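Engineer: Please read through the structure below; I'll follow up with questions.
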Amino acid sequence: MNNIEYKNNKIYIKNATNFDLAQTLDCGQAFRWSVDEQGVWTGIAFNKYIRIYHDGNDIIIENSSEQDFKNIWQHYFDLDRDYGEIIKTVSTDQTVKTAAEFSHGIRLLNQDSWEALCSFIISQNNNIPRIKGIIERLCKNFGDKIAGGYTFPNAQKIALLSIDDLAVIRSGFRAKYIIDAAQKVASGEIDLEALKTTDYNTACDILMQIKGVGPKVADCVLLYGLGHIEAFPRDVWIKRALTELFDGDLPECARVYAGIVQQYIFHYIRNK
């Protein structure tokens with residue numbers, strides 16, 4: 001893990017390596033982060049609001065206690081994972097190496113599992129500005145007010161709503177899927193916590209019992225909310241990249257870290 005210092009009510013991630021905030025927070029894996037003209041990112045996760053920004057080689061977090069950093073942000077930003085070693089491992093394939101070096105600042109965000117499920121249901125056939133708008137309205141109308149914004153409403157709260165209640169967030173056909181997901185999670189029919197330790201294929205099948213959840217949404221939830229780094233979400237960009245760069249399939253050396261490599265490839269194919 002990077003060297004961490006606590007001083008002046010700030011948390012310093014010293015000499016942060018393989019961690020670029022723009023690449024990580026604006027790559028389509030989370031939808032509640034925004035950046036100002038000074039490069040300061042703000043966001044809410046696990047009912048906590050922070051400011052985070054680069055300062056030379058360091059990354060500084062404001063508005064977080066040491067306890068919250070250890071309990072939330074250290075894991076959220078995946079700081080215990082050695083990304084340098086991952087890049088070395090997957091770089092035995094030259095094309096993966098090129099993509100990884102181009103995108104080396106991306107880290108997986110270990111998000112709240114319910115928020116990830118709900119967010120990626122909303123993401124279906126949608127663009128990022130509209131996804132962010134729907135999620136913002138969901139939080140503002142049904143979350144709790146905190147300093148810096150609103151919390152993400154839990155499944156228990158959403159499960160009590162009707163499709164008409166959700167009209168205010170303007171999610172269209174996705175409203176019925178959001179409510180079905182919330183009801184299945186709130187009732188315990190779908191145990192998201194248990195899926196973290198369930199084998200990948202079984203977990204994927206269970207998630208797809210939710211209306212509107214197909215393989216891509218399931219993979220996004222497994223990767224970003226449930227810790228299955230072998231999950232490999234395939235959207236139009238990734239399908240194109242696999243065809244153009246790899247003759248249709250991911251190289252063997254990359255499969256153990258497929259989800260992380262997916263992020264590298266996604267960023268590379270869109271920005272090279």
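Ordering of the structure tokens sets the chain letters (A, B, ...), residue numbers begin anew at 1 in every chain, and ligands are numbered from 1 in the order given.
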With only C-alpha atoms as the counted atoms, please give the residues lying no more than 10 Å from range 63-67 of chain A, apart from itself and same-chain residues fewer than 2 positions off, as JSON, numbers by chain.
Structural biologist: {"A": [5, 6, 7, 9, 10, 11, 48, 49, 50, 51, 52, 61, 69, 70, 71, 72, 73, 147]}
Engineer: Using 10 Å as the limit and counting only C-alpha atoms, can you tabulate each residue of range 55-113 of chain A that touches range 223-245 of chain A, with its shortest atom-to-atom distance in Å and the two atoms involved, as CSV?
Structural biologist:
```
residue,atom,partner,partner_atom,distance
A:Tyr76,CA,A:Tyr224,CA,9.8
A:Thr95,CA,A:Leu245,CA,7.0
A:Val96,CA,A:Leu245,CA,8.9
A:Leu108,CA,A:Tyr224,CA,6.9
A:Leu109,CA,A:Tyr224,CA,6.1
A:Asn110,CA,A:Tyr224,CA,5.5
A:Gln111,CA,A:Gly225,CA,4.8
A:Asp112,CA,A:Gly225,CA,5.6
A:Ser113,CA,A:Gly225,CA,4.2
```
Engineer: Have a look at A:Thr24, A:Tyr268, A:Asn3, A:Asp205 and name the one nearest to Asp58 in chain A; count only C-alpha atoms.
Structural biologist: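 Of all the options, A:Asn3 lies closest to Asp58 in chain A.
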Engineer: Quote the spacing between CA of Glu37 in chain A and CA of Ile59 in chain A in Å to one decimal place.
Structural biologist: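 Between CA of Glu37 in chain A and CA of Ile59 in chain A the gap works out to 16.8 Å.
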Engineer: Tell me, as a PyMOL selection string, which residues lie within 9 Å of Glu136 in chain A, counting only C-alpha atoms; anything in the same chain fewer than 3 positions away does not count.
Structural biologist: chain A and resi 31-32+131-133+139-141+150+152+169
Engineer: Return as a PyMOL selection string the full set of residues in range 18-199 of chain A whose backbone-based DSSP assignment is strand (DSSP E or B).
Structural biologist: chain A and resi 33-35+41-45+48-55+58-62+145-146+149-150
Engineer: With N, CA and C atoms kept, could you save the residues just selected as an mmCIF file, in the first residue's frame?
Structural biologist:
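This went into out21.cif:
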```
data_model
loop_
_atom_site.group_PDB
_atom_site.id
_atom_site.type_symbol
_atom_site.label_atom_id
_atom_site.label_comp_id
_atom_site.auth_asym_id
_atom_site.auth_seq_id
_atom_site.Cartn_x
_atom_site.Cartn_y
_atom_site.Cartn_z
ATOM 1 N N TRP A 33 -19.187 11.275 -8.970
ATOM 2 C CA TRP A 33 -18.001 12.111 -8.785
ATOM 3 C C TRP A 33 -18.017 13.258 -9.784
ATOM 4 N N SER A 34 -17.585 14.431 -9.330
ATOM 5 C CA SER A 34 -17.461 15.585 -10.220
ATOM 6 C C SER A 34 -16.171 16.321 -9.888
ATOM 7 N N VAL A 35 -15.686 17.104 -10.841
ATOM 8 C CA VAL A 35 -14.409 17.799 -10.681
ATOM 9 C C VAL A 35 -14.602 19.278 -10.972
ATOM 10 N N TRP A 41 -11.791 16.764 -6.982
ATOM 11 C CA TRP A 41 -12.921 15.858 -7.173
ATOM 12 C C TRP A 41 -13.727 15.770 -5.881
ATOM 13 N N THR A 42 -15.040 15.781 -6.015
ATOM 14 C CA THR A 42 -15.915 15.598 -4.854
ATOM 15 C C THR A 42 -16.902 14.475 -5.159
ATOM 16 N N GLY A 43 -17.244 13.741 -4.117
ATOM 17 C CA GLY A 43 -18.178 12.645 -4.308
ATOM 18 C C GLY A 43 -18.664 12.082 -2.996
ATOM 19 N N ILE A 44 -19.689 11.256 -3.088
ATOM 20 C CA ILE A 44 -20.281 10.605 -1.915
ATOM 21 C C ILE A 44 -20.302 9.106 -2.169
ATOM 22 N N ALA A 45 -19.796 8.367 -1.203
ATOM 23 C CA ALA A 45 -19.867 6.900 -1.244
ATOM 24 C C ALA A 45 -20.008 6.406 0.187
ATOM 25 N N LYS A 48 -20.717 8.964 2.871
ATOM 26 C CA LYS A 48 -19.678 9.910 3.274
ATOM 27 C C LYS A 48 -19.274 10.768 2.081
ATOM 28 N N TYR A 49 -19.062 12.066 2.358
ATOM 29 C CA TYR A 49 -18.664 13.025 1.340
ATOM 30 C C TYR A 49 -17.199 13.394 1.536
ATOM 31 N N ILE A 50 -16.424 13.374 0.436
ATOM 32 C CA ILE A 50 -15.029 13.801 0.526
ATOM 33 C C ILE A 50 -14.656 14.687 -0.657
ATOM 34 N N ARG A 51 -13.548 15.394 -0.475
ATOM 35 C CA ARG A 51 -12.838 16.092 -1.539
ATOM 36 C C ARG A 51 -11.501 15.384 -1.709
ATOM 37 N N ILE A 52 -11.076 15.177 -2.950
ATOM 38 C CA ILE A 52 -9.826 14.468 -3.197
ATOM 39 C C ILE A 52 -9.146 15.072 -4.419
ATOM 40 N N TYR A 53 -7.819 15.233 -4.327
ATOM 41 C CA TYR A 53 -7.111 15.895 -5.434
ATOM 42 C C TYR A 53 -5.628 15.529 -5.401
ATOM 43 N N HIS A 54 -4.980 15.764 -6.537
ATOM 44 C CA HIS A 54 -3.545 15.557 -6.650
ATOM 45 C C HIS A 54 -2.803 16.778 -6.107
ATOM 46 N N ASP A 55 -1.687 16.537 -5.458
ATOM 47 C CA ASP A 55 -0.769 17.602 -5.041
ATOM 48 C C ASP A 55 0.646 17.099 -5.308
ATOM 49 N N ASP A 58 1.581 13.383 -4.561
ATOM 50 C CA ASP A 58 0.680 12.901 -3.512
ATOM 51 C C ASP A 58 -0.774 13.064 -3.941
ATOM 52 N N ILE A 59 -1.640 12.323 -3.271
ATOM 53 C CA ILE A 59 -3.079 12.534 -3.380
ATOM 54 C C ILE A 59 -3.582 12.888 -1.981
ATOM 55 N N ILE A 60 -4.389 13.943 -1.910
ATOM 56 C CA ILE A 60 -4.881 14.433 -0.623
ATOM 57 C C ILE A 60 -6.392 14.245 -0.550
ATOM 58 N N ILE A 61 -6.837 13.722 0.590
ATOM 59 C CA ILE A 61 -8.271 13.570 0.860
ATOM 60 C C ILE A 61 -8.650 14.521 1.987
ATOM 61 N N GLU A 62 -9.685 15.316 1.760
ATOM 62 C CA GLU A 62 -10.228 16.207 2.782
ATOM 63 C C GLU A 62 -11.617 15.738 3.192
ATOM 64 N N LYS A 145 -30.158 13.896 3.336
ATOM 65 C CA LYS A 145 -29.301 15.069 3.164
ATOM 66 C C LYS A 145 -28.117 14.979 4.111
ATOM 67 N N ILE A 146 -26.926 15.161 3.566
ATOM 68 C CA ILE A 146 -25.707 15.241 4.382
ATOM 69 C C ILE A 146 -24.900 16.426 3.875
ATOM 70 N N GLY A 149 -24.184 16.927 -0.063
ATOM 71 C CA GLY A 149 -25.153 16.348 -0.993
ATOM 72 C C GLY A 149 -26.114 15.395 -0.340
ATOM 73 N N TYR A 150 -26.400 14.286 -1.007
ATOM 74 C CA TYR A 150 -27.392 13.314 -0.551
ATOM 75 C C TYR A 150 -26.811 11.900 -0.616
#
```
Engineer: Which value, in Å to one decimal, gives the distance between CA of Asp180 in chain A and CA of Asp164 in chain A?
Structural biologist: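 According to the coordinates, CA of Asp180 in chain A and CA of Asp164 in chain A are separated by 13.9 Å.
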Engineer: What is the distance, in Å and to one decimal place, between CA of Ile158 in chain A and CA of Ile179 in chain A?
Structural biologist: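 Interatomic distance here is 6.4 Å.
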Engineer: Can you tell me, as a list in words, what residues are no more than 9 Å from range 181-185 of chain A when counting only C-alpha atoms, ignoring any on the same chain fewer than 6 positions away?
Structural biologist: Trp114, Leu117, Cys118, Ile121, Asn154, Ala155, Gln156, Lys157, Ile158, Ala159, Leu160, Asp191, Leu192, Ile210, Lys211, Gly212 and Val213 of chain A
Engineer: Would you list, as a ChimeraX atom specification, the residues of range 119-184 of chain A that end up in helix (DSSP H, G or I) under DSSP run on this structure's backbone?
Structural biologist: /A:119-122,128-142,155-159,165-169,174-184
Engineer: Set the distance at 8 Å and use only C-alpha atoms: which residues neighbour Arg170 in chain A once local chain neighbours fewer than 3 positions away are removed? I'd like the list as a list in words.
Structural biologist: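 So, after excluding close chain neighbours, the residues are Ile134, Leu166 and Ala167 of chain A.
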Engineer: Pull the closest atom pair for each residue of range 104-200 of chain A that gets at most 10 Å from range 13-20 of chain A, along with the distance in Å to one decimal, counting only C-alpha atoms, ordering rows by chain and then ascending residue number, as CSV.
Structural biologist:
```
residue,atom,partner,partner_atom,distance
A:His104,CA,A:Asn18,CA,5.4
A:Gly105,CA,A:Phe19,CA,4.2
A:Ile106,CA,A:Phe19,CA,5.9
A:Arg107,CA,A:Phe19,CA,6.3
A:Leu108,CA,A:Phe19,CA,10.0
```
Engineer: Would you write out those residues with C-alpha atoms, as a JSON list (two decimals), in the first residue's frame?
Structural biologist:
```
[["chain", "number", "residue", "atom", "x", "y", "z"],
["A", 104, "HIS", "CA", -1.92, 2.78, -15.69],
["A", 105, "GLY", "CA", -3.61, 5.34, -13.42],
["A", 106, "ILE", "CA", -6.94, 3.49, -13.34],
["A", 107, "ARG", "CA", -7.92, 1.69, -10.15],
["A", 108, "LEU", "CA", -11.06, -0.31, -9.48]]
```
